[in-house]
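One structure is given below, encoded as structure tokens.
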Amino acid sequence: MPQGQRAGLDKQPHEVAAMFDGVAARYDLTNTVLSFGQDRFWRRATRAALDLLPGERVLDVGAGTGVSTEELTQSGAYAVGLDLSLGMLAAGRRTRPTLPLLAGDALRLPFADASFDAVTISFALRNVADPEAALREFARVTRPGGRMVVCEFSTPVNPAFRTVYLSYLMRSLPTVARTVSSNPEAYVYLAESIRAWPDQAGLAGRIAGSGWQRVAWRNLTGGVVALHRATRS
């Protein structure tokens, strides 16, 4: 897939990986611009929700350039980042050379059962072809009693704000992306994938149906993003 194209909503892994290869060079900057700086707050909230202890092992799936993995290390935990896109990982290794950033597929994690105390995924579960299978795979590598946090775009709870947000998502976001992103077409996919994603209750049901317990969520930025937390049985 040449740079400038986007993945389809069927989320074929090779298309998703190639699309993110095309945005890797300016990915972190673009996210900060498009989120009006809220991405930093969302990363901190994810770390807090995981409630990591020093020395614990946490897996960050869909880590991209490792900016989310780096945030997790602030807790004193040992954080491992994993991503499907070699381009994103290469960009991350240049700027964060000490972080363990590995290539891998969320549907076939290269780790033994119960390897981690916690697992998290931020803004990447909706890019997986089979989210439920990924959630089951996350449970496999998490120890009994361990926890998971999913940070993902969701549905604003205020109707008026939801209307404004959806207008920004479908009209303004791709336009802004053209000024800062190395692959603006990827952000058309971003907008479409967010609209197609289930709301807070819908995702909670998918998580519970994938074997996780004590599922709960917390809205961030009025529901633009939601943190879903669950415990491994």
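FYI, nothing fancy with the structure tokens labels: chains A, B, ... in order, residues from 1 per chain, ligands from 1 as they appear.
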
Report as a PDB file with N, CA, C and O atoms, in the first residue's frame all protein, DNA and RNA residues lying within 7 Å of segment 115-129 of chain A, evaluated on only C-alpha atoms, omitting residues in the same chain fewer than 2 positions from it.
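Okay, this is what ended up in part-v5.pdb:
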```pdb
ATOM      1  N   ASP A  10     -12.640  -3.100   7.174  1.00  0.00           N
ATOM      2  CA  ASP A  10     -12.497  -4.522   7.476  1.00  0.00           C
ATOM      3  C   ASP A  10     -11.192  -4.802   8.211  1.00  0.00           C
ATOM      4  O   ASP A  10     -10.967  -5.891   8.714  1.00  0.00           O
ATOM      5  N   LYS A  11     -10.317  -3.800   8.279  1.00  0.00           N
ATOM      6  CA  LYS A  11      -9.116  -3.792   9.130  1.00  0.00           C
ATOM      7  C   LYS A  11      -8.183  -4.964   8.848  1.00  0.00           C
ATOM      8  O   LYS A  11      -7.761  -5.670   9.755  1.00  0.00           O
ATOM      9  N   GLN A  12      -7.870  -5.162   7.591  1.00  0.00           N
ATOM     10  CA  GLN A  12      -6.889  -6.185   7.250  1.00  0.00           C
ATOM     11  C   GLN A  12      -5.539  -5.797   7.854  1.00  0.00           C
ATOM     12  O   GLN A  12      -5.087  -4.656   7.687  1.00  0.00           O
ATOM     13  N   GLU A  56       6.013  -4.218  38.780  1.00  0.00           N
ATOM     14  CA  GLU A  56       5.029  -5.002  38.037  1.00  0.00           C
ATOM     15  C   GLU A  56       5.343  -4.951  36.541  1.00  0.00           C
ATOM     16  O   GLU A  56       5.989  -4.030  36.054  1.00  0.00           O
ATOM     17  N   ARG A  57       4.828  -5.960  35.827  1.00  0.00           N
ATOM     18  CA  ARG A  57       5.036  -6.048  34.386  1.00  0.00           C
ATOM     19  C   ARG A  57       3.741  -5.689  33.674  1.00  0.00           C
ATOM     20  O   ARG A  57       2.685  -6.247  33.968  1.00  0.00           O
ATOM     21  N   VAL A  58       3.825  -4.746  32.735  1.00  0.00           N
ATOM     22  CA  VAL A  58       2.640  -4.303  32.003  1.00  0.00           C
ATOM     23  C   VAL A  58       2.929  -4.343  30.513  1.00  0.00           C
ATOM     24  O   VAL A  58       3.999  -3.938  30.059  1.00  0.00           O
ATOM     25  N   LEU A  59       1.978  -4.857  29.746  1.00  0.00           N
ATOM     26  CA  LEU A  59       2.085  -4.921  28.299  1.00  0.00           C
ATOM     27  C   LEU A  59       1.233  -3.820  27.688  1.00  0.00           C
ATOM     28  O   LEU A  59       0.039  -3.706  27.973  1.00  0.00           O
ATOM     29  N   ASP A  60       1.839  -3.028  26.817  1.00  0.00           N
ATOM     30  CA  ASP A  60       1.165  -1.943  26.118  1.00  0.00           C
ATOM     31  C   ASP A  60       0.994  -2.364  24.657  1.00  0.00           C
ATOM     32  O   ASP A  60       1.935  -2.281  23.859  1.00  0.00           O
ATOM     33  N   VAL A  61      -0.213  -2.816  24.301  1.00  0.00           N
ATOM     34  CA  VAL A  61      -0.486  -3.301  22.947  1.00  0.00           C
ATOM     35  C   VAL A  61      -0.874  -2.111  22.058  1.00  0.00           C
ATOM     36  O   VAL A  61      -1.562  -1.196  22.501  1.00  0.00           O
ATOM     37  N   GLY A  62      -0.447  -2.144  20.805  1.00  0.00           N
ATOM     38  CA  GLY A  62      -0.701  -1.016  19.919  1.00  0.00           C
ATOM     39  C   GLY A  62       0.075   0.207  20.359  1.00  0.00           C
ATOM     40  O   GLY A  62      -0.406   1.337  20.259  1.00  0.00           O
ATOM     41  N   PHE A 111       3.919 -14.044  23.823  1.00  0.00           N
ATOM     42  CA  PHE A 111       4.241 -14.185  25.238  1.00  0.00           C
ATOM     43  C   PHE A 111       3.537 -15.416  25.810  1.00  0.00           C
ATOM     44  O   PHE A 111       2.472 -15.813  25.331  1.00  0.00           O
ATOM     45  N   ALA A 112       4.132 -15.972  26.854  1.00  0.00           N
ATOM     46  CA  ALA A 112       3.547 -17.128  27.528  1.00  0.00           C
ATOM     47  C   ALA A 112       2.321 -16.706  28.335  1.00  0.00           C
ATOM     48  O   ALA A 112       2.104 -15.521  28.611  1.00  0.00           O
ATOM     49  N   ASP A 113       1.511 -17.676  28.706  1.00  0.00           N
ATOM     50  CA  ASP A 113       0.341 -17.427  29.544  1.00  0.00           C
ATOM     51  C   ASP A 113       0.766 -16.732  30.843  1.00  0.00           C
ATOM     52  O   ASP A 113       1.824 -17.039  31.418  1.00  0.00           O
ATOM     53  N   PRO A 131     -11.751  -7.703  17.528  1.00  0.00           N
ATOM     54  CA  PRO A 131     -11.491  -7.177  18.876  1.00  0.00           C
ATOM     55  C   PRO A 131     -11.742  -8.175  19.990  1.00  0.00           C
ATOM     56  O   PRO A 131     -10.995  -8.209  20.973  1.00  0.00           O
ATOM     57  N   PHE A 138      -5.508 -10.957  25.317  1.00  0.00           N
ATOM     58  CA  PHE A 138      -5.011 -10.142  26.424  1.00  0.00           C
ATOM     59  C   PHE A 138      -5.197 -10.882  27.747  1.00  0.00           C
ATOM     60  O   PHE A 138      -4.322 -10.849  28.619  1.00  0.00           O
ATOM     61  N   VAL A 141      -2.479 -13.650  28.434  1.00  0.00           N
ATOM     62  CA  VAL A 141      -1.138 -13.272  28.882  1.00  0.00           C
ATOM     63  C   VAL A 141      -1.142 -12.524  30.213  1.00  0.00           C
ATOM     64  O   VAL A 141      -0.091 -12.142  30.711  1.00  0.00           O
ATOM     65  N   THR A 142      -2.329 -12.312  30.790  1.00  0.00           N
ATOM     66  CA  THR A 142      -2.453 -11.611  32.066  1.00  0.00           C
ATOM     67  C   THR A 142      -2.634 -12.630  33.191  1.00  0.00           C
ATOM     68  O   THR A 142      -3.407 -13.581  33.061  1.00  0.00           O
ATOM     69  N   ARG A 143      -1.953 -12.424  34.282  1.00  0.00           N
ATOM     70  CA  ARG A 143      -2.075 -13.349  35.415  1.00  0.00           C
ATOM     71  C   ARG A 143      -3.467 -13.276  36.028  1.00  0.00           C
ATOM     72  O   ARG A 143      -4.142 -12.235  35.941  1.00  0.00           O
ATOM     73  N   GLY A 146      -5.046 -10.107  37.562  1.00  0.00           N
ATOM     74  CA  GLY A 146      -4.464  -8.950  36.902  1.00  0.00           C
ATOM     75  C   GLY A 146      -5.540  -8.088  36.264  1.00  0.00           C
ATOM     76  O   GLY A 146      -6.716  -8.439  36.243  1.00  0.00           O
ATOM     77  N   ARG A 147      -5.151  -6.967  35.713  1.00  0.00           N
ATOM     78  CA  ARG A 147      -6.162  -6.041  35.190  1.00  0.00           C
ATOM     79  C   ARG A 147      -5.828  -5.565  33.781  1.00  0.00           C
ATOM     80  O   ARG A 147      -4.695  -5.657  33.329  1.00  0.00           O
ATOM     81  N   MET A 148      -6.845  -5.046  33.158  1.00  0.00           N
ATOM     82  CA  MET A 148      -6.734  -4.491  31.816  1.00  0.00           C
ATOM     83  C   MET A 148      -7.400  -3.127  31.778  1.00  0.00           C
ATOM     84  O   MET A 148      -8.448  -2.922  32.400  1.00  0.00           O
ATOM     85  N   VAL A 149      -6.807  -2.202  31.023  1.00  0.00           N
ATOM     86  CA  VAL A 149      -7.437  -0.910  30.749  1.00  0.00           C
ATOM     87  C   VAL A 149      -7.419  -0.682  29.250  1.00  0.00           C
ATOM     88  O   VAL A 149      -6.366  -0.766  28.614  1.00  0.00           O
ATOM     89  N   VAL A 150      -8.585  -0.409  28.704  1.00  0.00           N
ATOM     90  CA  VAL A 150      -8.729  -0.053  27.297  1.00  0.00           C
ATOM     91  C   VAL A 150      -9.047   1.432  27.231  1.00  0.00           C
ATOM     92  O   VAL A 150     -10.056   1.883  27.787  1.00  0.00           O
ATOM     93  N   CYS A 151      -8.172   2.190  26.578  1.00  0.00           N
ATOM     94  CA  CYS A 151      -8.415   3.619  26.343  1.00  0.00           C
ATOM     95  C   CYS A 151      -8.777   3.769  24.868  1.00  0.00           C
ATOM     96  O   CYS A 151      -7.967   3.450  23.995  1.00  0.00           O
ATOM     97  N   GLU A 152      -9.998   4.211  24.608  1.00  0.00           N
ATOM     98  CA  GLU A 152     -10.453   4.244  23.215  1.00  0.00           C
ATOM     99  C   GLU A 152     -11.446   5.375  23.010  1.00  0.00           C
ATOM    100  O   GLU A 152     -12.128   5.808  23.948  1.00  0.00           O
ATOM    101  N   PHE A 153     -11.499   5.872  21.781  1.00  0.00           N
ATOM    102  CA  PHE A 153     -12.516   6.859  21.441  1.00  0.00           C
ATOM    103  C   PHE A 153     -13.901   6.265  21.672  1.00  0.00           C
ATOM    104  O   PHE A 153     -14.114   5.066  21.482  1.00  0.00           O
ATOM    105  N   TRP A 197     -17.389   2.583  15.768  1.00  0.00           N
ATOM    106  CA  TRP A 197     -17.039   1.883  17.006  1.00  0.00           C
ATOM    107  C   TRP A 197     -18.203   1.927  17.994  1.00  0.00           C
ATOM    108  O   TRP A 197     -18.957   2.901  18.037  1.00  0.00           O
TER     109      TRP A 197
END
```

Can you tell me, as number ranges by chain, which residues in segment 1-223 of chain A count as alpha helix (DSSP H) by DSSP?
A: 13-23, 27-34, 38-50, 67-72, 86-95, 131-141, 159-167, 173-180, 185-196, 200-209

9 Å contact set for Ala91 of chain A, only C-alpha atoms, chain neighbours under 4 positions out, as a PyMOL selection string:
chain A and resi 24-25+64-66+86-87+95-96

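Each of A:Tyr189, A:Trp217, A:Trp212, A:Phe161 was checked against Pro144 of chain A using only C-alpha atoms; the smallest atom-to-atom distance is that of A:Trp212.
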
Which residues are near Arg136 of chain A? Cut-off 7 Å, only C-alpha atoms, ignore same chain within fewer than 4 positions. Put them as a list in words.
Glu132, Arg140, Ser210 and Gly211 of chain A

Between atom CA of Gly76 of chain A and atom CA of Gly55 of chain A, measure the distance and give it in Å to one decimal.
6.2 Å

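The space between atom CA of Gly92 of chain A and atom CA of Val67 of chain A spans 7.7 Å.
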
Near Leu166 of chain A, within 10 Å and counting only C-alpha atoms, which residues show up once chain neighbours fewer than 6 positions away are dropped, as number ranges by chain?
A: 155-156, 172-173, 191, 194-195, 224

Which value, in Å to one decimal, gives the distance between atom CA of Glu15 of chain A and atom CA of Asp28 of chain A?
20.2 Å

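Backbone DSSP assigns strand (DSSP E or B) in segment 52-86 of chain A to Arg57, Val58, Leu59, Asp60, Val61, Tyr78, Ala79, Val80, Gly81, Leu82 and Asp83 of chain A.
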
Output N, CA and C atoms for every residue in that selection, as a PDB file, in the first residue's frame.
```
ATOM      1  N   ARG A  57       4.828  -5.960  35.827  1.00  0.00           N
ATOM      2  CA  ARG A  57       5.036  -6.048  34.386  1.00  0.00           C
ATOM      3  C   ARG A  57       3.741  -5.689  33.674  1.00  0.00           C
ATOM      4  N   VAL A  58       3.825  -4.746  32.735  1.00  0.00           N
ATOM      5  CA  VAL A  58       2.640  -4.303  32.003  1.00  0.00           C
ATOM      6  C   VAL A  58       2.929  -4.343  30.513  1.00  0.00           C
ATOM      7  N   LEU A  59       1.978  -4.857  29.746  1.00  0.00           N
ATOM      8  CA  LEU A  59       2.085  -4.921  28.299  1.00  0.00           C
ATOM      9  C   LEU A  59       1.233  -3.820  27.688  1.00  0.00           C
ATOM     10  N   ASP A  60       1.839  -3.028  26.817  1.00  0.00           N
ATOM     11  CA  ASP A  60       1.165  -1.943  26.118  1.00  0.00           C
ATOM     12  C   ASP A  60       0.994  -2.364  24.657  1.00  0.00           C
ATOM     13  N   VAL A  61      -0.213  -2.816  24.301  1.00  0.00           N
ATOM     14  CA  VAL A  61      -0.486  -3.301  22.947  1.00  0.00           C
ATOM     15  C   VAL A  61      -0.874  -2.111  22.058  1.00  0.00           C
ATOM     16  N   TYR A  78       7.633  -2.243  34.892  1.00  0.00           N
ATOM     17  CA  TYR A  78       8.392  -2.612  33.702  1.00  0.00           C
ATOM     18  C   TYR A  78       7.395  -2.713  32.553  1.00  0.00           C
ATOM     19  N   ALA A  79       7.479  -1.787  31.614  1.00  0.00           N
ATOM     20  CA  ALA A  79       6.502  -1.697  30.525  1.00  0.00           C
ATOM     21  C   ALA A  79       7.117  -2.173  29.222  1.00  0.00           C
ATOM     22  N   VAL A  80       6.383  -3.036  28.515  1.00  0.00           N
ATOM     23  CA  VAL A  80       6.781  -3.552  27.213  1.00  0.00           C
ATOM     24  C   VAL A  80       5.775  -3.063  26.181  1.00  0.00           C
ATOM     25  N   GLY A  81       6.258  -2.434  25.113  1.00  0.00           N
ATOM     26  CA  GLY A  81       5.376  -1.987  24.046  1.00  0.00           C
ATOM     27  C   GLY A  81       5.392  -2.940  22.877  1.00  0.00           C
ATOM     28  N   LEU A  82       4.233  -3.128  22.256  1.00  0.00           N
ATOM     29  CA  LEU A  82       4.111  -4.036  21.111  1.00  0.00           C
ATOM     30  C   LEU A  82       3.244  -3.385  20.050  1.00  0.00           C
ATOM     31  N   ASP A  83       3.654  -3.492  18.785  1.00  0.00           N
ATOM     32  CA  ASP A  83       2.876  -2.894  17.707  1.00  0.00           C
ATOM     33  C   ASP A  83       3.071  -3.692  16.428  1.00  0.00           C
TER      34      ASP A  83
END
```
